[in-house]
file work.txt (compact mmCIF, C-alpha atoms and all ligand atoms)
# COMPACT_ATOMS: atom_id res chain seq x y z
CA MET B 1 -7.65 -29.64 40.64
CA LYS B 2 -6.82 -31.71 37.58
CA LYS B 3 -9.71 -30.01 35.81
CA HIS B 4 -8.20 -26.60 36.62
CA ILE B 5 -4.79 -27.58 35.34
CA LEU B 6 -6.38 -28.92 32.17
CA SER B 7 -8.38 -25.75 31.55
CA LEU B 8 -5.34 -23.57 32.33
CA PHE B 9 -3.40 -25.67 29.85
CA CYS B 10 -6.14 -25.22 27.25
CA ILE B 11 -6.21 -21.44 27.80
CA GLY B 12 -2.42 -21.40 27.50
CA VAL B 13 -2.51 -23.25 24.20
CA ALA B 14 -5.25 -20.96 22.91
CA LEU B 15 -3.26 -17.85 23.90
CA LEU B 16 -0.09 -19.21 22.32
CA THR B 17 -1.94 -20.00 19.10
CA ALA B 18 -3.59 -16.58 19.05
CA SER B 19 -0.32 -14.76 19.66
CA HIS B 20 1.35 -16.88 17.00
CA ILE B 21 -1.35 -15.93 14.46
CA LEU B 22 -1.05 -12.28 15.50
CA ALA B 23 2.72 -12.43 15.18
CA GLU B 24 2.40 -13.97 11.74
CA ASN B 25 -0.07 -11.33 10.63
CA ALA B 26 2.06 -8.61 12.14
CA GLU B 27 4.98 -9.86 10.09
CA ASN B 28 2.96 -9.88 6.88
CA TYR B 29 1.08 -6.67 7.45
CA PRO B 30 2.72 -4.57 10.13
CA ALA B 31 0.21 -2.34 11.86
CA ASP B 32 0.58 1.19 10.54
CA ILE B 33 -2.04 3.85 11.05
CA SER B 34 -0.83 5.74 7.99
CA GLY B 35 -1.79 2.70 5.91
CA GLN B 36 1.70 2.66 4.39
CA ASN B 37 2.08 -1.04 5.00
CA ALA B 38 -1.38 -2.14 3.95
CA GLN B 39 -1.38 -5.05 1.55
CA LEU B 40 -0.37 -3.68 -1.84
CA PRO B 41 -1.49 -4.81 -5.29
CA GLU B 42 0.88 -7.10 -7.18
CA TYR B 43 1.55 -6.16 -10.80
CA TYR B 44 3.15 -8.46 -13.37
CA VAL B 45 4.68 -8.05 -16.82
CA GLY B 46 2.08 -7.29 -19.48
CA HIS B 47 4.20 -7.15 -22.63
CA SER B 48 7.83 -7.70 -23.45
CA TYR B 49 9.87 -6.53 -26.44
CA ASP B 50 13.03 -8.10 -27.80
CA TYR B 51 15.97 -5.74 -28.25
CA PRO B 52 16.16 -6.18 -32.04
CA ASP B 53 12.65 -4.69 -32.19
CA PHE B 54 14.02 -1.33 -31.17
CA GLU B 55 15.32 0.99 -33.84
CA ARG B 56 18.73 2.55 -33.96
CA SER B 57 18.75 6.31 -33.83
CA ASN B 58 20.90 8.41 -36.15
CA ASN B 59 23.59 8.08 -33.57
CA LYS B 60 24.58 4.52 -34.42
CA SER B 61 26.08 3.89 -31.01
CA LYS B 62 22.81 4.51 -29.25
CA TRP B 63 19.74 2.32 -29.06
CA VAL B 64 16.58 4.27 -28.45
CA VAL B 65 13.29 3.24 -27.01
CA THR B 66 10.92 4.09 -29.83
CA ASN B 67 8.32 1.34 -29.49
CA MET B 68 6.90 3.00 -26.42
CA LYS B 69 5.64 5.96 -28.42
CA GLY B 70 2.09 5.80 -29.68
CA ASP B 71 -0.39 4.18 -27.34
CA SER B 72 1.52 4.91 -24.16
CA PRO B 73 4.15 7.62 -24.54
CA ARG B 74 7.06 7.73 -22.16
CA ALA B 75 6.73 10.13 -19.28
CA ASN B 76 10.46 10.95 -19.43
CA ALA B 77 10.76 10.58 -15.67
CA GLN B 78 14.10 11.87 -14.44
CA PRO B 79 16.00 10.40 -11.50
CA VAL B 80 16.34 12.93 -8.69
CA LYS B 81 17.56 10.74 -5.82
CA VAL B 82 19.32 7.41 -5.40
CA THR B 83 20.54 5.61 -2.29
CA SER B 84 23.78 4.43 -3.90
CA GLU B 85 25.58 4.08 -7.20
CA LEU B 86 28.60 2.01 -8.12
CA ALA B 87 31.80 3.97 -8.67
CA PRO B 88 32.99 4.21 -12.29
CA GLN B 89 35.14 1.32 -13.47
CA GLY B 90 37.57 2.69 -16.01
CA ASN B 91 35.52 4.64 -18.54
CA ILE B 92 32.27 2.96 -17.59
CA LYS B 93 29.97 4.92 -15.33
CA TYR B 94 27.06 3.51 -13.33
CA SER B 95 25.33 6.79 -12.52
CA VAL B 96 21.60 6.75 -11.92
CA LYS B 97 21.31 9.18 -14.86
CA ASN B 98 21.94 6.15 -17.05
CA ILE B 99 18.43 4.83 -16.46
CA ALA B 100 16.94 7.82 -18.31
CA ASP B 101 19.43 8.48 -21.12
CA ASN B 102 17.62 6.45 -23.81
CA SER B 103 20.61 4.19 -24.22
CA PHE B 104 20.65 0.45 -23.77
CA GLN B 105 24.42 0.60 -23.45
CA THR B 106 24.46 2.48 -20.16
CA ALA B 107 23.13 1.26 -16.82
CA TRP B 108 22.84 2.23 -13.17
CA ALA B 109 24.26 -0.23 -10.66
CA GLU B 110 23.83 -0.07 -6.91
CA ASP B 111 26.78 0.01 -4.54
CA SER B 112 25.76 -2.17 -1.61
CA GLU B 113 27.97 -5.10 -0.60
CA ASP B 114 25.09 -7.45 -1.25
CA TYR B 115 22.42 -7.47 -3.97
CA GLY B 116 21.06 -4.01 -3.24
CA ILE B 117 17.89 -5.06 -1.43
CA GLY B 118 16.39 -1.86 -0.02
CA GLU B 119 18.18 0.45 -2.47
CA LYS B 120 15.87 3.11 -3.88
CA ILE B 121 15.65 5.30 -6.96
CA THR B 122 13.33 8.31 -6.93
CA MET B 123 12.20 9.79 -10.24
CA LYS B 124 10.34 13.01 -10.90
CA VAL B 125 7.42 12.89 -13.32
CA LYS B 126 6.14 16.15 -14.72
CA SER B 127 2.41 16.53 -15.12
CA ASN B 128 1.22 16.45 -18.72
CA CYS B 129 -1.97 18.51 -18.94
CA PHE B 130 -4.02 20.41 -21.50
CA LYS B 131 -7.27 22.32 -21.64
CA LEU B 132 -10.40 20.61 -22.91
CA SER B 133 -12.73 22.53 -25.23
CA ASP B 134 -14.92 23.44 -22.25
CA GLY B 135 -11.93 25.03 -20.56
CA THR B 136 -11.39 22.39 -17.91
CA LYS B 137 -7.91 21.01 -17.37
CA TYR B 138 -7.14 17.37 -18.15
CA CYS B 139 -3.92 15.67 -17.07
CA TYR B 140 -2.80 12.33 -18.42
CA PRO B 141 -2.56 9.70 -15.70
CA LEU B 142 0.35 7.26 -15.61
CA SER B 143 -0.83 3.94 -16.91
CA GLY B 144 2.29 1.86 -16.62
CA MET B 145 6.04 1.59 -16.69
CA PHE B 146 8.79 -0.21 -18.55
CA ILE B 147 12.19 -1.52 -17.61
CA ALA B 148 15.29 -2.66 -19.44
CA ASN B 149 16.27 -4.87 -16.57
CA GLY B 150 19.88 -5.63 -15.69
CA TYR B 151 22.95 -4.50 -17.61
CA VAL B 152 21.67 -5.23 -21.09
CA GLU B 153 24.59 -3.81 -23.06
CA SER B 154 25.44 -7.43 -23.93
CA ARG B 155 24.00 -10.78 -23.01
CA SER B 156 27.14 -11.74 -21.12
CA GLU B 157 27.05 -8.55 -19.03
CA TRP B 158 23.36 -9.21 -18.39
CA ASN B 159 24.16 -12.73 -17.19
CA ASP B 160 27.10 -11.69 -15.03
CA ASN B 161 25.26 -8.93 -13.18
CA SER B 162 22.11 -9.17 -11.09
CA ARG B 163 18.64 -8.18 -12.27
CA VAL B 164 15.63 -6.87 -10.44
CA LYS B 165 12.93 -9.41 -9.63
CA ARG B 166 10.58 -7.31 -7.53
CA LEU B 167 10.28 -3.58 -6.93
CA LYS B 168 8.10 -1.72 -4.47
CA MET B 169 6.68 1.45 -6.00
CA TYR B 170 5.87 4.61 -4.04
CA VAL B 171 4.08 7.77 -5.15
CA ASP B 172 5.26 10.83 -3.21
CA GLY B 173 6.57 8.49 -0.51
CA VAL B 174 3.41 6.38 -0.16
CA PRO B 175 3.73 2.71 -1.23
CA VAL B 176 1.26 1.83 -3.99
CA ALA B 177 2.22 -1.51 -5.53
CA TYR B 178 4.72 -4.29 -6.03
CA LEU B 179 6.10 -4.75 -9.55
CA ASN B 180 7.19 -8.28 -10.49
CA PHE B 181 9.55 -8.81 -13.43
CA ASN B 182 10.62 -11.82 -15.47
CA ASP B 183 14.21 -12.96 -15.72
CA GLU B 184 14.36 -12.40 -19.47
CA TYR B 185 16.69 -10.46 -21.73
CA ASN B 186 14.07 -8.04 -23.07
CA VAL B 187 12.20 -4.84 -22.32
CA GLN B 188 9.24 -5.48 -20.02
CA THR B 189 6.18 -3.32 -19.53
CA ILE B 190 3.76 -3.39 -16.63
CA PHE B 191 0.35 -1.74 -16.84
CA PHE B 192 -1.23 -0.55 -13.60
CA ASP B 193 -4.76 -1.64 -12.67
CA GLU B 194 -5.13 1.75 -11.01
CA PRO B 195 -3.56 4.52 -13.14
CA ILE B 196 -1.56 7.01 -11.10
CA ASN B 197 -2.98 10.50 -10.93
CA ALA B 198 -0.38 13.03 -12.14
CA ASP B 199 -2.23 16.33 -12.18
CA LYS B 200 0.83 17.85 -10.54
CA ASP B 201 4.51 16.94 -10.65
CA ILE B 202 5.01 13.81 -8.59
CA GLU B 203 7.88 11.65 -7.36
CA ILE B 204 7.88 7.92 -7.98
CA THR B 205 10.24 5.79 -5.94
CA PHE B 206 11.32 2.26 -6.82
CA GLU B 207 12.78 0.11 -4.05
CA ILE B 208 14.56 -3.17 -4.76
CA ILE B 209 12.82 -5.96 -2.84
CA GLU B 210 14.17 -9.07 -4.62
CA VAL B 211 16.70 -9.79 -7.35
CA TYR B 212 17.74 -12.48 -9.81
CA PRO B 213 21.40 -13.04 -8.86
CA GLY B 214 24.02 -12.62 -11.57
CA THR B 215 26.52 -15.41 -12.16
CA GLU B 216 29.57 -13.20 -11.52
CA SER B 217 28.50 -10.19 -9.51
CA LYS B 218 26.28 -8.99 -6.72
CA ASN B 219 25.86 -5.71 -8.58
CA THR B 220 22.22 -5.21 -9.44
CA ALA B 221 21.74 -3.09 -12.54
CA ILE B 222 18.94 -1.31 -14.38
CA THR B 223 19.59 -0.04 -17.92
CA GLU B 224 16.43 2.00 -18.57
CA LEU B 225 13.36 2.72 -16.46
CA ASP B 226 10.44 5.01 -17.17
CA LEU B 227 6.74 5.58 -16.56
CA MET B 228 4.20 5.80 -19.36
CA TYR B 229 1.24 8.13 -19.80
CA ASN B 230 -2.13 6.78 -20.73
CA VAL B 231 -3.27 8.98 -23.61
CA TYR B 232 -6.74 7.44 -23.83
CA CA B 301 20.58 3.69 -20.15
CA CA B 302 25.81 -4.90 -4.79

call {"tool": "encode", "arguments": {"input": "work.txt", "output": "structure tokens", "more": "lines below"}}
Ligand SMILES: [Ca+2]
Ligand SMILES: [Ca+2]
result
Amino acid sequence: MKKHILSLFCIGVALLTASHILAENAENYPADISGQNAQLPEYYVGHSYDYPDFERSNNKSKWVVTNMKGDSPRANAQPVKVTSELAPQGNIKYSVKNIADNSFQTAWAEDSEDYGIGEKITMKVKSNCFKLSDGTKYCYPLSGMFIANGYVESRSEWNDNSRVKRLKMYVDGVPVAYLNFNDEYNVQTIFFDEPINADKDIEITFEIIEVYPGTESKNTAITELDLMYNVY
């Protein structure tokens, strides 16, 4: 009898351990037949650029992102959907349009009570194609992205408001990667290991997963955000 109790006990422990491992795995990688929750690649900042490196345009009030031209031109992705945006405060607007207006003085901020975890911005990227000499069509893939993270209009605004630490990126609704940013007052670029095919117009969604909390506010802000074509 004692033997039976002992073996039942052992089986019980084994089952508990197995279910614990399963539960842990389920938490990390929820089962999903569509593969949407498969483990995603982690991308980190490749290069960063200080704000003084950027040139002023003719319009002296506007900073423009010129350094991105050349090797990896901007895709000029346009926001088409956002889950929330902070209401204007006085003359200052926090519309999602601000992430694609070429200005480091304007930013989008989310409108959740907390830090905006789960808030999403969807941007449309137009395909950029041409005909090769043999008549076949070639479309530039998207090789990376850049972000002016937080409300960068001034260092104090940047400090006061929250910045994005980690974004989940989706292509046409399918998760493709996590993007991890530094908590630095500069423009950061991330290059993808797997360039994104853009032989038709596509939608890229960025979801806030983690933030760097601001000292004064739970508003998480993004000043500029765009994809980049790989022209090589
Ligand atoms: Ca802006
Ligand atoms: Ca908030």

call {"tool": "residues_near_ligand", "arguments": {"input": "work.txt", "ligand": "ligand CA 302 (chain B)", "cutoff": "6 Å", "atoms": "only C-alpha atoms and all ligand atoms", "output": "list in words"}}
result
Glu110, Asp111, Ser112, Glu113, Asp114, Tyr115, Gly116, Lys218, Asn219 and Thr220 of chain B

call {"tool": "write_last_selection", "arguments": {"input": "work.txt", "atoms": "C-alpha atoms", "output": "PDB file, in the coordinates of the input"}}
result
ATOM      1  CA  GLU B 110      23.830  -0.070  -6.910  1.00  0.00           C
ATOM      2  CA  ASP B 111      26.780   0.010  -4.540  1.00  0.00           C
ATOM      3  CA  SER B 112      25.760  -2.170  -1.610  1.00  0.00           C
ATOM      4  CA  GLU B 113      27.970  -5.100  -0.600  1.00  0.00           C
ATOM      5  CA  ASP B 114      25.090  -7.450  -1.250  1.00  0.00           C
ATOM      6  CA  TYR B 115      22.420  -7.470  -3.970  1.00  0.00           C
ATOM      7  CA  GLY B 116      21.060  -4.010  -3.240  1.00  0.00           C
ATOM      8  CA  LYS B 218      26.280  -8.990  -6.720  1.00  0.00           C
ATOM      9  CA  ASN B 219      25.860  -5.710  -8.580  1.00  0.00           C
ATOM     10  CA  THR B 220      22.220  -5.210  -9.440  1.00  0.00           C
TER      11      THR B 220
END

call {"tool": "residues_near_ligand", "arguments": {"input": "work.txt", "ligand": "ligand CA 301 (chain B)", "cutoff": "6 Å", "atoms": "all atoms listed in the file", "output": "ChimeraX atom specification"}}
result
/B:98-107,223-224

call {"tool": "atom_distance", "arguments": {"input": "work.txt", "atom1": "atom CA of Val82 of chain B", "atom2": "atom CA of Trp108 of chain B"}}
result
10.0 Å

call {"tool": "residues_near_point", "arguments": {"input": "work.txt", "point": "(13.0, 10.4, -15.3)", "cutoff": "9 Å", "atoms": "all atoms listed in the file", "output": "ChimeraX atom specification"}}
result
/B:75-80,97,99-101,122-126,225-227

call {"tool": "atom_distance", "arguments": {"input": "work.txt", "atom1": "atom CA of Met228 of chain B", "atom2": "atom CA of Ser48 of chain B"}}
result
14.6 Å

call {"tool": "closest_atom_pairs", "arguments": {"input": "work.txt", "of": "segment 168-232 of chain B", "to": "segment 140-155 of chain B", "cutoff": "10 Å", "atoms": "all atoms listed in the file", "output": "Markdown table"}}
result
| residue | atom | partner | partner_atom | distance |
| --- | --- | --- | --- | --- |
| B:Leu179 | CA | B:Met145 | CA | 9.5 |
| B:Phe181 | CA | B:Asn149 | CA | 8.4 |
| B:Asn182 | CA | B:Asn149 | CA | 9.0 |
| B:Asp183 | CA | B:Asn149 | CA | 8.4 |
| B:Glu184 | CA | B:Asn149 | CA | 8.3 |
| B:Tyr185 | CA | B:Val152 | CA | 7.3 |
| B:Asn186 | CA | B:Ala148 | CA | 6.6 |
| B:Val187 | CA | B:Ala148 | CA | 4.8 |
| B:Gln188 | CA | B:Phe146 | CA | 5.5 |
| B:Thr189 | CA | B:Phe146 | CA | 4.2 |
| B:Ile190 | CA | B:Gly144 | CA | 5.5 |
| B:Phe191 | CA | B:Gly144 | CA | 4.1 |
| B:Phe192 | CA | B:Gly144 | CA | 5.2 |
| B:Asp193 | CA | B:Ser143 | CA | 8.0 |
| B:Glu194 | CA | B:Ser143 | CA | 7.6 |
| B:Pro195 | CA | B:Ser143 | CA | 4.7 |
| B:Ile196 | CA | B:Leu142 | CA | 4.9 |
| B:Asn197 | CA | B:Pro141 | CA | 4.9 |
| B:Ala198 | CA | B:Pro141 | CA | 5.3 |
| B:Asp199 | CA | B:Tyr140 | CA | 7.4 |
| B:Val211 | CA | B:Gly150 | CA | 9.8 |
| B:Tyr212 | CA | B:Gly150 | CA | 9.3 |
| B:Gly214 | CA | B:Gly150 | CA | 9.1 |
| B:Asn219 | CA | B:Gly150 | CA | 9.3 |
| B:Thr220 | CA | B:Gly150 | CA | 6.7 |
| B:Ala221 | CA | B:Gly150 | CA | 4.5 |
| B:Ile222 | CA | B:Gly150 | CA | 4.6 |
| B:Thr223 | CA | B:Ala148 | CA | 5.3 |
| B:Glu224 | CA | B:Ala148 | CA | 4.9 |
| B:Leu225 | CA | B:Ile147 | CA | 4.5 |
| B:Asp226 | CA | B:Met145 | CA | 5.6 |
| B:Leu227 | CA | B:Met145 | CA | 4.1 |
| B:Met228 | CA | B:Gly144 | CA | 5.2 |
| B:Tyr229 | CA | B:Leu142 | CA | 4.4 |
| B:Asn230 | CA | B:Ser143 | CA | 4.9 |
| B:Val231 | CA | B:Tyr140 | CA | 6.2 |
| B:Tyr232 | CA | B:Tyr140 | CA | 8.3 |

call {"tool": "closest_residue", "arguments": {"input": "work.txt", "among": "B:Ala177, B:Ile208, B:Thr136, B:Leu86", "to": "Tyr44 of chain B", "atoms": "all atoms listed in the file"}}
result
B:Ala177

call {"tool": "atom_distance", "arguments": {"input": "work.txt", "atom1": "atom CA of Tyr178 of chain B", "atom2": "atom CA of Ser162 of chain B"}}
result
18.8 Å

call {"tool": "closest_residue", "arguments": {"input": "work.txt", "among": "B:Thr215, B:Tyr170, B:Asp201, B:Pro41", "to": "Cys129 of chain B", "atoms": "all atoms listed in the file"}}
result
B:Asp201

call {"tool": "closest_residue", "arguments": {"input": "work.txt", "among": "B:Val174, B:Leu132, B:Ile202, B:Leu167", "to": "Tyr43 of chain B", "atoms": "only C-alpha atoms"}}
result
B:Leu167

call {"tool": "decode", "arguments": {"input": "work.txt", "residues": "segment 151-232 of chain B", "atoms": "C-alpha atoms", "output": "short mmCIF file (atom, residue, chain, number, x, y, z; two decimals), in the first residue's frame"}}
result
data_model
loop_
_atom_site.label_atom_id
_atom_site.label_comp_id
_atom_site.auth_asym_id
_atom_site.auth_seq_id
_atom_site.Cartn_x
_atom_site.Cartn_y
_atom_site.Cartn_z
CA TYR B 151 8.52 64.39 -27.25
CA VAL B 152 11.86 65.68 -28.48
CA GLU B 153 10.88 69.32 -29.00
CA SER B 154 13.08 70.08 -25.98
CA ARG B 155 15.10 68.01 -23.58
CA SER B 156 12.84 68.94 -20.68
CA GLU B 157 9.70 67.86 -22.58
CA TRP B 158 11.50 64.64 -23.50
CA ASN B 159 12.32 64.00 -19.85
CA ASP B 160 8.85 64.85 -18.57
CA ASN B 161 6.99 62.59 -21.00
CA SER B 162 7.33 58.86 -21.50
CA ARG B 163 9.28 57.22 -24.32
CA VAL B 164 8.84 53.94 -26.11
CA LYS B 165 11.10 51.11 -24.99
CA ARG B 166 9.71 48.24 -27.02
CA LEU B 167 7.36 48.06 -29.98
CA LYS B 168 5.77 45.05 -31.62
CA MET B 169 5.69 45.41 -35.39
CA TYR B 170 3.02 43.89 -37.64
CA VAL B 171 2.85 43.69 -41.43
CA ASP B 172 -0.75 43.64 -42.69
CA GLY B 173 -1.84 42.51 -39.23
CA VAL B 174 0.71 39.71 -38.82
CA PRO B 175 3.33 40.20 -36.07
CA VAL B 176 6.86 40.13 -37.47
CA ALA B 177 9.29 41.45 -34.86
CA TYR B 178 9.94 43.29 -31.63
CA LEU B 179 11.82 46.60 -31.88
CA ASN B 180 13.90 47.60 -28.85
CA PHE B 181 14.94 51.24 -28.38
CA ASN B 182 17.44 53.02 -26.17
CA ASP B 183 16.46 55.69 -23.68
CA GLU B 184 18.52 58.36 -25.41
CA TYR B 185 17.73 61.82 -26.73
CA ASN B 186 18.54 61.08 -30.38
CA VAL B 187 17.17 59.59 -33.57
CA GLN B 188 17.51 55.81 -33.59
CA THR B 189 17.50 53.49 -36.57
CA ILE B 190 16.85 49.77 -36.58
CA PHE B 191 17.75 47.60 -39.57
CA PHE B 192 15.75 44.42 -40.10
CA ASP B 193 17.53 41.07 -40.50
CA GLU B 194 14.70 40.10 -42.84
CA PRO B 195 13.74 43.01 -45.14
CA ILE B 196 9.99 43.43 -45.52
CA ASN B 197 8.60 42.69 -48.94
CA ALA B 198 6.66 45.71 -50.25
CA ASP B 199 5.74 44.78 -53.80
CA LYS B 200 2.27 46.12 -53.05
CA ASP B 201 1.02 48.79 -50.66
CA ILE B 202 1.20 47.40 -47.15
CA GLU B 203 0.19 48.43 -43.64
CA ILE B 204 2.71 48.39 -40.83
CA THR B 205 1.40 48.51 -37.28
CA PHE B 206 3.44 49.46 -34.23
CA GLU B 207 2.12 48.43 -30.81
CA ILE B 208 3.56 49.82 -27.59
CA ILE B 209 4.76 46.92 -25.42
CA GLU B 210 7.01 48.72 -22.91
CA VAL B 211 7.94 52.31 -22.14
CA TYR B 212 10.56 54.39 -20.35
CA PRO B 213 8.43 56.38 -17.88
CA GLY B 214 8.65 60.16 -17.99
CA THR B 215 9.37 62.07 -14.79
CA GLU B 216 6.17 64.15 -14.96
CA SER B 217 3.69 62.38 -17.18
CA LYS B 218 2.29 59.03 -18.18
CA ASN B 219 1.85 60.36 -21.71
CA THR B 220 3.95 58.31 -24.08
CA ALA B 221 5.01 60.29 -27.14
CA ILE B 222 6.61 59.68 -30.53
CA THR B 223 7.87 62.67 -32.53
CA GLU B 224 8.72 61.02 -35.87
CA LEU B 225 8.47 57.45 -37.11
CA ASP B 226 9.10 56.05 -40.56
CA LEU B 227 10.22 53.00 -42.50
CA MET B 228 13.20 53.03 -44.84
CA TYR B 229 13.65 51.42 -48.25
CA ASN B 230 16.70 49.40 -49.03
CA VAL B 231 17.90 50.75 -52.36
CA TYR B 232 20.66 48.16 -52.78
#
